[in-house]
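Shown below: data_13.pdb, with PDB, C-alpha atoms and all ligand atoms.
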```pdb
ATOM      1  CA  MET A   1    -120.759 -41.416  64.236
ATOM      2  CA  ASN A   2    -119.194 -44.545  62.686
ATOM      3  CA  ASP A   3    -120.008 -47.019  65.451
ATOM      4  CA  PHE A   4    -122.125 -46.764  68.591
ATOM      5  CA  LEU A   5    -120.144 -48.714  71.158
ATOM      6  CA  GLY A   6    -120.861 -46.501  74.128
ATOM      7  CA  ILE A   7    -121.773 -43.082  75.430
ATOM      8  CA  ALA A   8    -118.104 -42.681  76.394
ATOM      9  CA  GLY A   9    -116.404 -40.543  73.776
ATOM     10  CA  LEU A  10    -119.680 -39.352  72.217
ATOM     11  CA  GLU A  11    -120.159 -35.647  71.441
ATOM     12  CA  ALA A  12    -123.035 -33.956  73.288
ATOM     13  CA  SER A  13    -124.436 -32.797  69.925
ATOM     14  CA  ALA A  14    -124.588 -36.388  68.614
ATOM     15  CA  LEU A  15    -126.395 -37.580  71.726
ATOM     16  CA  GLU A  16    -128.812 -34.648  71.595
ATOM     17  CA  ARG A  17    -129.571 -35.459  67.967
ATOM     18  CA  LEU A  18    -130.367 -39.090  68.842
ATOM     19  CA  VAL A  19    -132.673 -38.125  71.715
ATOM     20  CA  GLU A  20    -134.482 -35.532  69.582
ATOM     21  CA  LYS A  21    -134.860 -37.936  66.688
ATOM     22  CA  ALA A  22    -136.218 -40.599  69.052
ATOM     23  CA  ALA A  23    -138.864 -38.112  70.246
ATOM     24  CA  GLN A  24    -139.832 -37.440  66.597
ATOM     25  CA  PHE A  25    -140.197 -41.158  65.983
ATOM     26  CA  LYS A  26    -142.488 -41.375  69.005
ATOM     27  CA  GLN A  27    -144.668 -38.571  67.624
ATOM     28  CA  ASP A  28    -144.891 -40.256  64.247
ATOM     29  CA  ARG A  29    -144.250 -43.974  64.244
ATOM     30  CA  GLY A  30    -144.293 -44.019  60.432
ATOM     31  CA  LEU A  31    -141.565 -41.371  60.134
ATOM     32  CA  HIS A  32    -138.838 -42.398  57.647
ATOM     33  CA  ARG A  33    -140.737 -45.604  56.883
ATOM     34  CA  GLY A  34    -138.718 -47.524  54.302
ATOM     35  CA  ALA A  35    -135.677 -45.217  54.629
ATOM     36  CA  LEU A  36    -133.384 -48.224  55.041
ATOM     37  CA  ALA A  37    -134.954 -50.377  52.316
ATOM     38  CA  GLY A  38    -132.489 -52.851  50.868
ATOM     39  CA  ARG A  39    -130.257 -52.808  53.959
ATOM     40  CA  SER A  40    -129.629 -55.832  56.183
ATOM     41  CA  ILE A  41    -128.936 -55.549  59.877
ATOM     42  CA  GLY A  42    -127.470 -58.204  62.175
ATOM     43  CA  LEU A  43    -128.741 -58.428  65.738
ATOM     44  CA  PHE A  44    -126.488 -60.777  67.691
ATOM     45  CA  PHE A  45    -127.186 -61.877  71.275
ATOM     46  CA  GLU A  46    -124.708 -63.610  73.527
ATOM     47  CA  LYS A  47    -127.181 -63.300  76.431
ATOM     48  CA  PRO A  48    -130.976 -63.162  76.823
ATOM     49  CA  SER A  49    -133.062 -60.159  75.763
ATOM     50  CA  THR A  50    -136.689 -59.147  75.400
ATOM     51  CA  ARG A  51    -136.753 -55.363  74.880
ATOM     52  CA  THR A  52    -133.546 -55.032  72.864
ATOM     53  CA  ARG A  53    -134.263 -57.997  70.640
ATOM     54  CA  VAL A  54    -137.881 -57.074  69.859
ATOM     55  CA  SER A  55    -137.418 -53.306  69.598
ATOM     56  CA  GLY A  56    -134.317 -53.822  67.432
ATOM     57  CA  GLU A  57    -136.093 -56.151  65.039
ATOM     58  CA  VAL A  58    -139.231 -53.997  64.825
ATOM     59  CA  ALA A  59    -137.180 -50.805  64.405
ATOM     60  CA  ALA A  60    -135.307 -52.371  61.482
ATOM     61  CA  VAL A  61    -138.507 -53.595  59.801
ATOM     62  CA  GLU A  62    -140.339 -50.280  60.229
ATOM     63  CA  LEU A  63    -137.413 -48.482  58.571
ATOM     64  CA  GLY A  64    -137.516 -50.989  55.715
ATOM     65  CA  ALA A  65    -134.364 -52.933  56.618
ATOM     66  CA  HIS A  66    -134.087 -56.696  56.908
ATOM     67  CA  PRO A  67    -133.054 -57.864  60.404
ATOM     68  CA  VAL A  68    -131.070 -61.069  60.870
ATOM     69  CA  VAL A  69    -131.271 -62.185  64.490
ATOM     70  CA  LEU A  70    -128.445 -64.428  65.688
ATOM     71  CA  GLY A  71    -127.738 -66.185  68.980
ATOM     72  CA  GLN A  72    -124.479 -67.322  70.506
ATOM     73  CA  GLN A  73    -125.571 -70.955  70.151
ATOM     74  CA  GLU A  74    -125.356 -70.690  66.376
ATOM     75  CA  VAL A  75    -122.476 -68.213  65.999
ATOM     76  CA  GLY A  76    -120.172 -69.363  68.800
ATOM     77  CA  LEU A  77    -118.422 -65.973  68.947
ATOM     78  CA  GLY A  78    -114.872 -66.557  70.129
ATOM     79  CA  ALA A  79    -115.492 -70.310  70.523
ATOM     80  CA  ARG A  80    -116.688 -71.834  67.243
ATOM     81  CA  GLU A  81    -114.927 -69.021  65.399
ATOM     82  CA  ALA A  82    -112.528 -66.204  66.279
ATOM     83  CA  VAL A  83    -114.191 -62.844  66.896
ATOM     84  CA  ARG A  84    -112.295 -61.157  64.058
ATOM     85  CA  ASP A  85    -113.316 -63.874  61.585
ATOM     86  CA  VAL A  86    -116.982 -63.611  62.573
ATOM     87  CA  ALA A  87    -116.649 -59.839  62.108
ATOM     88  CA  ARG A  88    -115.083 -60.182  58.642
ATOM     89  CA  VAL A  89    -117.680 -62.698  57.487
ATOM     90  CA  LEU A  90    -120.762 -60.841  58.766
ATOM     91  CA  ASP A  91    -119.345 -57.643  57.284
ATOM     92  CA  ARG A  92    -119.626 -59.230  53.817
ATOM     93  CA  TYR A  93    -123.381 -59.761  54.251
ATOM     94  CA  LEU A  94    -124.651 -57.070  56.556
ATOM     95  CA  ASP A  95    -124.803 -53.273  56.564
ATOM     96  CA  LEU A  96    -124.705 -52.962  60.355
ATOM     97  CA  LEU A  97    -123.732 -55.307  63.200
ATOM     98  CA  ALA A  98    -125.562 -54.824  66.499
ATOM     99  CA  MET A  99    -124.278 -57.042  69.280
ATOM    100  CA  ARG A 100    -125.003 -57.947  72.904
ATOM    101  CA  VAL A 101    -121.833 -59.407  74.390
ATOM    102  CA  PHE A 102    -120.286 -60.252  77.741
ATOM    103  CA  ASP A 103    -116.905 -58.731  76.945
ATOM    104  CA  HIS A 104    -116.833 -55.164  75.631
ATOM    105  CA  GLY A 105    -113.458 -56.015  74.074
ATOM    106  CA  ASN A 106    -115.291 -58.209  71.554
ATOM    107  CA  LEU A 107    -117.236 -55.175  70.313
ATOM    108  CA  ILE A 108    -114.021 -53.228  69.862
ATOM    109  CA  GLU A 109    -112.424 -56.151  68.026
ATOM    110  CA  THR A 110    -115.480 -56.491  65.779
ATOM    111  CA  ALA A 111    -115.426 -52.777  64.989
ATOM    112  CA  GLU A 112    -111.739 -53.059  64.089
ATOM    113  CA  HIS A 113    -112.376 -55.855  61.603
ATOM    114  CA  ALA A 114    -115.707 -54.796  60.062
ATOM    115  CA  ASP A 115    -116.354 -51.764  57.870
ATOM    116  CA  ALA A 116    -120.050 -51.870  58.759
ATOM    117  CA  PRO A 117    -121.051 -49.805  61.804
ATOM    118  CA  VAL A 118    -121.090 -51.770  65.067
ATOM    119  CA  VAL A 119    -123.717 -51.058  67.741
ATOM    120  CA  ASN A 120    -123.453 -52.097  71.384
ATOM    121  CA  LEU A 121    -126.682 -53.793  72.500
ATOM    122  CA  LEU A 122    -125.209 -54.185  76.040
ATOM    123  CA  SER A 123    -121.774 -55.242  77.180
ATOM    124  CA  ASP A 124    -120.122 -55.507  80.574
ATOM    125  CA  LEU A 125    -119.227 -51.807  80.329
ATOM    126  CA  GLU A 126    -122.092 -49.976  78.653
ATOM    127  CA  HIS A 127    -125.696 -50.128  77.458
ATOM    128  CA  PRO A 128    -125.781 -47.039  75.229
ATOM    129  CA  CYS A 129    -129.047 -47.779  73.357
ATOM    130  CA  GLN A 130    -130.732 -48.016  76.754
ATOM    131  CA  ALA A 131    -129.241 -44.647  77.739
ATOM    132  CA  VAL A 132    -130.747 -42.918  74.686
ATOM    133  CA  ALA A 133    -134.188 -44.238  75.675
ATOM    134  CA  ASP A 134    -133.551 -43.247  79.302
ATOM    135  CA  LEU A 135    -132.669 -39.683  78.314
ATOM    136  CA  GLN A 136    -135.690 -39.532  76.008
ATOM    137  CA  THR A 137    -137.883 -40.608  78.940
ATOM    138  CA  ILE A 138    -136.322 -38.046  81.282
ATOM    139  CA  ALA A 139    -136.784 -35.347  78.623
ATOM    140  CA  GLU A 140    -140.502 -36.214  78.478
ATOM    141  CA  HIS A 141    -140.650 -35.271  82.170
ATOM    142  CA  ARG A 142    -138.318 -32.249  82.275
ATOM    143  CA  PRO A 143    -135.182 -30.982  80.495
ATOM    144  CA  VAL A 144    -132.188 -33.235  81.154
ATOM    145  CA  ASP A 145    -130.128 -30.054  81.498
ATOM    146  CA  GLY A 146    -130.264 -29.326  85.226
ATOM    147  CA  ALA A 147    -132.099 -32.543  86.153
ATOM    148  CA  VAL A 148    -130.949 -34.395  89.258
ATOM    149  CA  VAL A 149    -130.738 -38.110  88.498
ATOM    150  CA  ALA A 150    -130.250 -40.454  91.463
ATOM    151  CA  TYR A 151    -129.086 -43.897  90.357
ATOM    152  CA  VAL A 152    -129.382 -46.342  93.256
ATOM    153  CA  GLY A 153    -127.680 -49.740  93.159
ATOM    154  CA  ASP A 154    -124.946 -51.426  91.181
ATOM    155  CA  GLY A 155    -122.383 -49.277  89.355
ATOM    156  CA  ASN A 156    -122.831 -51.424  86.247
ATOM    157  CA  ASN A 157    -123.184 -51.125  82.444
ATOM    158  CA  VAL A 158    -126.555 -49.335  82.668
ATOM    159  CA  CYS A 159    -125.219 -46.985  85.326
ATOM    160  CA  HIS A 160    -122.131 -46.131  83.228
ATOM    161  CA  SER A 161    -124.108 -45.203  80.120
ATOM    162  CA  LEU A 162    -126.803 -43.338  82.051
ATOM    163  CA  MET A 163    -124.362 -41.285  84.098
ATOM    164  CA  LEU A 164    -122.259 -40.299  81.104
ATOM    165  CA  GLY A 165    -125.327 -39.498  79.009
ATOM    166  CA  ALA A 166    -127.115 -37.461  81.659
ATOM    167  CA  ALA A 167    -123.902 -35.593  82.501
ATOM    168  CA  LEU A 168    -123.247 -34.899  78.802
ATOM    169  CA  LEU A 169    -126.682 -33.282  78.478
ATOM    170  CA  GLY A 170    -126.185 -31.120  81.577
ATOM    171  CA  GLY A 171    -127.735 -33.268  84.292
ATOM    172  CA  GLU A 172    -126.416 -33.875  87.810
ATOM    173  CA  VAL A 173    -125.972 -37.561  88.584
ATOM    174  CA  ARG A 174    -125.784 -39.008  92.083
ATOM    175  CA  VAL A 175    -124.766 -42.653  92.117
ATOM    176  CA  VAL A 176    -125.814 -44.266  95.383
ATOM    177  CA  CYS A 177    -124.192 -47.672  95.865
ATOM    178  CA  PRO A 178    -122.721 -49.875  98.573
ATOM    179  CA  PRO A 179    -118.938 -49.718  98.964
ATOM    180  CA  GLY A 180    -117.223 -51.988  96.460
ATOM    181  CA  PHE A 181    -119.970 -51.667  93.825
ATOM    182  CA  GLU A 182    -119.161 -48.208  92.501
ATOM    183  CA  PRO A 183    -119.000 -47.459  88.764
ATOM    184  CA  LEU A 184    -115.542 -47.798  87.226
ATOM    185  CA  GLU A 185    -113.284 -44.842  87.926
ATOM    186  CA  GLU A 186    -112.742 -44.103  84.207
ATOM    187  CA  PHE A 187    -116.502 -43.554  83.762
ATOM    188  CA  THR A 188    -116.832 -41.396  86.859
ATOM    189  CA  ALA A 189    -113.863 -39.336  85.677
ATOM    190  CA  ALA A 190    -115.514 -38.898  82.268
ATOM    191  CA  GLY A 191    -118.618 -37.471  83.974
ATOM    192  CA  ARG A 192    -117.376 -33.878  83.613
ATOM    193  CA  GLY A 193    -117.605 -33.223  87.363
ATOM    194  CA  ARG A 194    -121.364 -33.796  87.198
ATOM    195  CA  VAL A 195    -121.257 -37.279  88.742
ATOM    196  CA  THR A 196    -120.939 -37.876  92.473
ATOM    197  CA  ILE A 197    -120.622 -41.279  94.111
ATOM    198  CA  THR A 198    -121.930 -41.933  97.599
ATOM    199  CA  SER A 199    -122.938 -44.865  99.762
ATOM    200  CA  ASP A 200    -125.602 -42.756 101.514
ATOM    201  CA  PRO A 201    -129.188 -43.380 100.285
ATOM    202  CA  ALA A 202    -130.122 -39.949 101.675
ATOM    203  CA  ALA A 203    -128.586 -38.580  98.442
ATOM    204  CA  VAL A 204    -131.897 -39.428  96.731
ATOM    205  CA  GLU A 205    -133.351 -36.363  98.454
ATOM    206  CA  GLY A 206    -134.610 -33.781  95.977
ATOM    207  CA  ALA A 207    -133.917 -35.925  92.888
ATOM    208  CA  ASP A 208    -136.011 -35.443  89.734
ATOM    209  CA  VAL A 209    -135.404 -39.027  88.645
ATOM    210  CA  VAL A 210    -134.814 -42.168  90.707
ATOM    211  CA  TYR A 211    -133.312 -45.026  88.706
ATOM    212  CA  THR A 212    -132.294 -48.526  89.659
ATOM    213  CA  ASP A 213    -131.229 -51.772  87.969
ATOM    214  CA  VAL A 214    -130.821 -55.365  89.121
ATOM    215  CA  TRP A 215    -128.235 -56.148  91.799
ATOM    216  CA  ALA A 216    -126.839 -59.117  89.850
ATOM    217  CA  SER A 217    -126.547 -58.584  86.104
ATOM    218  CA  MET A 218    -126.661 -61.328  83.477
ATOM    219  CA  GLY A 219    -123.586 -63.476  84.017
ATOM    220  CA  GLN A 220    -123.373 -62.622  87.743
ATOM    221  CA  GLU A 221    -126.034 -65.116  88.847
ATOM    222  CA  ALA A 222    -123.539 -67.004  91.050
ATOM    223  CA  GLU A 223    -122.938 -63.807  93.061
ATOM    224  CA  ALA A 224    -126.650 -63.102  93.544
ATOM    225  CA  LYS A 225    -126.832 -64.176  97.211
ATOM    226  CA  GLU A 226    -123.744 -62.300  98.275
ATOM    227  CA  ARG A 227    -124.844 -59.224  96.330
ATOM    228  CA  ALA A 228    -128.335 -59.296  97.864
ATOM    229  CA  LYS A 229    -126.659 -58.952 101.276
ATOM    230  CA  ALA A 230    -124.431 -56.076 100.183
ATOM    231  CA  PHE A 231    -127.333 -54.200  98.529
ATOM    232  CA  SER A 232    -129.955 -54.793 101.248
ATOM    233  CA  GLY A 233    -130.043 -51.119 102.293
ATOM    234  CA  TYR A 234    -130.368 -49.951  98.681
ATOM    235  CA  ARG A 235    -133.813 -51.228  97.721
ATOM    236  CA  VAL A 236    -135.936 -48.518  96.119
ATOM    237  CA  ASP A 237    -139.108 -48.714  98.178
ATOM    238  CA  GLY A 238    -141.866 -46.210  98.833
ATOM    239  CA  ARG A 239    -139.845 -44.604 101.602
ATOM    240  CA  MET A 240    -136.764 -44.081  99.493
ATOM    241  CA  PHE A 241    -138.800 -42.827  96.513
ATOM    242  CA  ALA A 242    -140.523 -40.328  98.839
ATOM    243  CA  LEU A 243    -137.120 -38.696  99.509
ATOM    244  CA  ALA A 244    -137.086 -37.494  95.895
ATOM    245  CA  ARG A 245    -139.039 -34.485  94.650
ATOM    246  CA  PRO A 246    -142.825 -34.833  94.973
ATOM    247  CA  ASP A 247    -143.078 -34.970  91.156
ATOM    248  CA  ALA A 248    -140.049 -37.266  90.678
ATOM    249  CA  ILE A 249    -140.293 -40.152  88.220
ATOM    250  CA  PHE A 250    -139.020 -43.697  88.683
ATOM    251  CA  LEU A 251    -137.040 -45.438  85.938
ATOM    252  CA  HIS A 252    -135.662 -48.971  85.532
ATOM    253  CA  CYS A 253    -134.195 -50.440  82.338
ATOM    254  CA  LEU A 254    -136.058 -53.723  83.089
ATOM    255  CA  PRO A 255    -136.228 -56.605  83.606
ATOM    256  CA  ALA A 256    -136.885 -55.765  87.268
ATOM    257  CA  HIS A 257    -136.488 -58.224  90.094
ATOM    258  CA  ARG A 258    -139.563 -57.098  92.012
ATOM    259  CA  GLY A 259    -139.012 -57.214  95.764
ATOM    260  CA  GLU A 260    -135.217 -57.076  95.382
ATOM    261  CA  GLU A 261    -133.847 -53.788  94.011
ATOM    262  CA  VAL A 262    -137.339 -52.271  93.814
ATOM    263  CA  THR A 263    -140.719 -52.909  95.425
ATOM    264  CA  ASP A 264    -143.983 -53.454  93.550
ATOM    265  CA  GLU A 265    -145.224 -50.195  95.061
ATOM    266  CA  VAL A 266    -142.541 -48.229  93.189
ATOM    267  CA  VAL A 267    -142.550 -50.157  89.867
ATOM    268  CA  ASP A 268    -146.337 -49.757  89.726
ATOM    269  CA  HIS A 269    -146.357 -46.217  91.169
ATOM    270  CA  PRO A 270    -148.327 -43.556  89.244
ATOM    271  CA  ARG A 271    -145.002 -41.757  88.740
ATOM    272  CA  SER A 272    -143.191 -44.860  87.482
ATOM    273  CA  ARG A 273    -142.306 -44.411  83.790
ATOM    274  CA  VAL A 274    -140.734 -47.835  83.225
ATOM    275  CA  PHE A 275    -143.093 -48.892  80.439
ATOM    276  CA  ASP A 276    -142.752 -45.579  78.590
ATOM    277  CA  GLN A 277    -139.021 -46.112  78.961
ATOM    278  CA  ALA A 278    -139.336 -49.625  77.495
ATOM    279  CA  GLU A 279    -141.429 -48.245  74.609
ATOM    280  CA  ASN A 280    -138.782 -45.615  73.993
ATOM    281  CA  ARG A 281    -136.251 -48.366  73.248
ATOM    282  CA  LEU A 282    -138.061 -48.747  69.902
ATOM    283  CA  HIS A 283    -138.032 -45.060  69.003
ATOM    284  CA  SER A 284    -134.435 -44.569  70.127
ATOM    285  CA  MET A 285    -133.270 -47.663  68.239
ATOM    286  CA  LYS A 286    -134.734 -46.213  65.055
ATOM    287  CA  ALA A 287    -132.801 -43.004  65.752
ATOM    288  CA  VAL A 288    -129.562 -44.987  66.180
ATOM    289  CA  LEU A 289    -130.091 -47.027  62.989
ATOM    290  CA  LEU A 290    -130.945 -43.956  60.938
ATOM    291  CA  GLU A 291    -127.971 -42.006  62.299
ATOM    292  CA  LEU A 292    -125.565 -44.787  61.306
ATOM    293  CA  LEU A 293    -127.135 -45.829  57.999
ATOM    294  CA  GLY A 294    -129.329 -42.942  56.871
TER     295      GLY A 294
HETATM  296  N1  LIG S 301    -133.467 -53.214  79.082
HETATM  297  C1  LIG S 301    -133.056 -54.232  78.302
HETATM  298  O1  LIG S 301    -132.017 -54.159  77.637
HETATM  299  O2  LIG S 301    -133.875 -55.317  78.302
HETATM  300  P1  LIG S 301    -133.586 -56.720  77.596
HETATM  301  O3  LIG S 301    -132.413 -57.335  78.336
HETATM  302  O4  LIG S 301    -134.843 -57.500  77.740
HETATM  303  O5  LIG S 301    -133.223 -56.465  76.169
HETATM  304  N1  LIG S 302    -127.402 -54.618  84.171
HETATM  305  C1  LIG S 302    -128.319 -55.550  83.536
HETATM  306  C2  LIG S 302    -129.122 -54.843  82.497
HETATM  307  C3  LIG S 302    -130.094 -55.693  81.750
HETATM  308  C4  LIG S 302    -130.845 -54.925  80.686
HETATM  309  C5  LIG S 302    -127.523 -56.699  82.939
HETATM  310  O1  LIG S 302    -126.433 -56.457  82.408
HETATM  311  O2  LIG S 302    -127.962 -57.835  83.041
END
```

Would it be possible to restate this file's structure as structure tokens?
Amino acid sequence: MNDFLGIAGLEASALERLVEKAAQFKQDRGLHRGALAGRSIGLFFEKPSTRTRVSGEVAAVELGAHPVVLGQQEVGLGAREAVRDVARVLDRYLDLLAMRVFDHGNLIETAEHADAPVVNLLSDLEHPCQAVADLQTIAEHRPVDGAVVAYVGDGNNVCHSLMLGAALLGGEVRVVCPPGFEPLEEFTAAGRGRVTITSDPAAVEGADVVYTDVWASMGQEAEAKERAKAFSGYRVDGRMFALARPDAIFLHCLPAHRGEEVTDEVVDHPRSRVFDQAENRLHSMKAVLLELLG
């Protein structure tokens, strides 16, 4: 692995290694402490973040690396300075560039102009670091191989990475979304025949995992009203969750818009694993950093 821009194009063995390593980090938080001493890691954010920013910084520090956190206000990616120039400059200082961007194309351009590995911390197309934590959380419940994962809601970045990742590890993914909000065709096609798309919420029946994300992602705030109408039948409430297996778990990348895509009853359900999932962002980020720099 040279960069980690997405789950698309990743080998199953590489993804398995990341998920296994993340589980080891959870068992022993001090594992590989100091392994990246002397390295400097850039964490750049073009949009807000709580989990990714904090878990990324803590992961770097616990492995001995020095994190440099940067915001769009200071860098002005593509505005104050051309993307390729920012890439060339940061590459002279940093050993790894992790970036949250609106346009996935900016990650690709950065990777083309920097020798340092580039990590996607969320783009319009993928959220691969989230997917590693998601798969780790599913694996804590049951093997991903053979698991039925029902993703309800917007066919967005989180959905793309989750569906490719779960499919790669042998899961069956049912994406349940209103017409017009399906995942991009190229991602569905890359799902190895293990991904089905439907507009029928009844597809949640028998699922091992029920997953949802916000209806309007960061940058889509102006569409929020219109989207809320389109997604009104796709809220994960107690009734929908009850369609899944009696031992099914609920996942959400967070932040959740309680009362919109999911009810309090489900977020706070005894079988909700959303805070384990959030914790796993730390362990999985360590796995990603070690894989690229170790
Ligand atoms: N799940 C996630 O990426 O959260 P943040 O946007 O808070 O980083
Ligand atoms: N789909 C959401 C995920 C946030 C972690 C967004 O892009 O805003």

What are the closest atom pairs, with distances in Å to one decimal, for all residues of stretch 73-109 of chain A lying within 10 Å of stretch 2-21 of chain A? Consider only C-alpha atoms, order rows by chain and residue number, and present the result as CSV.
```
residue,atom,partner,partner_atom,distance
A:Leu96,CA,A:Asp3,CA,9.1
A:Leu97,CA,A:Asp3,CA,9.4
A:Ala98,CA,A:Phe4,CA,9.0
A:Met99,CA,A:Leu5,CA,9.5
A:His104,CA,A:Leu5,CA,8.5
A:Leu107,CA,A:Leu5,CA,7.1
A:Ile108,CA,A:Leu5,CA,7.7
```

Grab me every residue within 8 Å of ligand LIG 301 (chain S), counting all atoms listed in the file, and send it over as a JSON list (two decimals) with C-alpha atoms, in the coordinates of the input.
```json
[["chain", "number", "residue", "atom", "x", "y", "z"],
["A", 48, "PRO", "CA", -130.98, -63.16, 76.82],
["A", 49, "SER", "CA", -133.06, -60.16, 75.76],
["A", 50, "THR", "CA", -136.69, -59.15, 75.40],
["A", 51, "ARG", "CA", -136.75, -55.36, 74.88],
["A", 52, "THR", "CA", -133.55, -55.03, 72.86],
["A", 53, "ARG", "CA", -134.26, -58.00, 70.64],
["A", 54, "VAL", "CA", -137.88, -57.07, 69.86],
["A", 121, "LEU", "CA", -126.68, -53.79, 72.50],
["A", 122, "LEU", "CA", -125.21, -54.18, 76.04],
["A", 127, "HIS", "CA", -125.70, -50.13, 77.46],
["A", 130, "GLN", "CA", -130.73, -48.02, 76.75],
["A", 253, "CYS", "CA", -134.20, -50.44, 82.34],
["A", 254, "LEU", "CA", -136.06, -53.72, 83.09],
["A", 255, "PRO", "CA", -136.23, -56.60, 83.61],
["A", 278, "ALA", "CA", -139.34, -49.62, 77.50]]
```

Practice task
Let me know the residues the PyMOL selection byres (((not hetatm)) within 6 of (chain S and resi 302)) catches in the file above, as a VMD selection string.
Solution key: chain A and resid 156 to 158 217 to 218 253 to 254

Can you spit out the residues from that selection as a PDB file, in the coordinates of the input, using C-alpha atoms?
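Writing done, so here's selection31.pdb:
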```pdb
ATOM      1  CA  ASN A 156    -122.831 -51.424  86.247  1.00  0.00           C
ATOM      2  CA  ASN A 157    -123.184 -51.125  82.444  1.00  0.00           C
ATOM      3  CA  VAL A 158    -126.555 -49.335  82.668  1.00  0.00           C
ATOM      4  CA  SER A 217    -126.547 -58.584  86.104  1.00  0.00           C
ATOM      5  CA  MET A 218    -126.661 -61.328  83.477  1.00  0.00           C
ATOM      6  CA  CYS A 253    -134.195 -50.440  82.338  1.00  0.00           C
ATOM      7  CA  LEU A 254    -136.058 -53.723  83.089  1.00  0.00           C
TER       8      LEU A 254
END
```

Practice task
Convert the output of the PyMOL selection byres (((chain A and resi 133-142) around 8) and not hetatm) on the shown file into explicit residues, formatted as a list in words.
Solution key: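 This file gives the following for the PyMOL selection byres (((chain A and resi 133-142) around 8) and not hetatm): Val19, Glu20, Ala22, Ala23, Cys129, Gln130, Ala131, Val132, Pro143, Val144, Ala147, Leu162, Gly165, Ala166, Val209, Ile249, Leu251, Cys253, Arg273, Asp276, Gln277, Ala278, Asn280, Arg281, His283 and Ser284 of chain A.
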
Exercise for the section: Go through A:Asp237, A:Glu185, A:Glu260, A:Asp247 and flag the residue nearest A:Asp213, using all atoms listed in the file for the distances. Expected result: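 Going through A:Asp237, A:Glu185, A:Glu260, A:Asp247 one by one, the smallest distance to A:Asp213 is for A:Glu260.
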
Counting all atoms listed in the file, what is within 8 Å of A:Gly171, bar same-chain residues fewer than 3 positions away, as a compact mmCIF listing (two decimals) with C-alpha atoms, in the coordinates of the input?
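Writing the result to result.txt gives the following:
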```txt
# COMPACT_ATOMS: atom_id res chain seq x y z
CA VAL A 144 -132.19 -33.24 81.15
CA ASP A 145 -130.13 -30.05 81.50
CA GLY A 146 -130.26 -29.33 85.23
CA ALA A 147 -132.10 -32.54 86.15
CA VAL A 148 -130.95 -34.40 89.26
CA VAL A 149 -130.74 -38.11 88.50
CA ALA A 166 -127.12 -37.46 81.66
CA ALA A 167 -123.90 -35.59 82.50
CA LEU A 168 -123.25 -34.90 78.80
CA ARG A 194 -121.36 -33.80 87.20
```

Handout entry: Pick from A:Lys286, A:Arg235, A:Arg88, A:Arg33 nearest to A:Glu261, counting all atoms listed in the file
Key =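 The closest residue to A:Glu261 is A:Arg235.
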
Practice task
Considering all atoms listed in the file, state which residue in the set A:Phe44, A:Tyr93, A:Tyr234, A:Phe187 is at the smallest distance from A:Gly56.
Solution key: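 Counting all atoms listed in the file, the residue closest to A:Gly56 is A:Phe44.
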
Handout entry: Shell of 8 Å around A:Pro178, all atoms listed in the file, local chain residues under 6 positions omitted, as a ChimeraX atom specification
Key = /A:153-154,199,230-231,234

Practice task
Identify which of the residues A:Leu63, A:Val175, A:Val262, A:Ala116 lies closest to A:His32, counting only C-alpha atoms when measuring atom-to-atom distances.
Solution key: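 Smallest separation from A:His32 among the options: A:Leu63.
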
Problem - Nearest to A:Arg29 by atom-to-atom distance, counting all atoms listed in the file, from A:Ala287, A:Leu292, A:Leu90, A:Val68 - result: A:Ala287

Handout entry: A:Val214, A:Gly170, A:Met1, A:Ala207 ranked by distance to A:Gly155, top pick (using all atoms listed in the file)
Key =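 Among A:Val214, A:Gly170, A:Met1, A:Ala207, it is A:Val214 that comes nearest to A:Gly155.
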
Exercise for the section: Could you please determine the separation between atom CA of A:Val83 and atom CA of A:His113 in Å, to one decimal place? Expected result: 9.0 Å
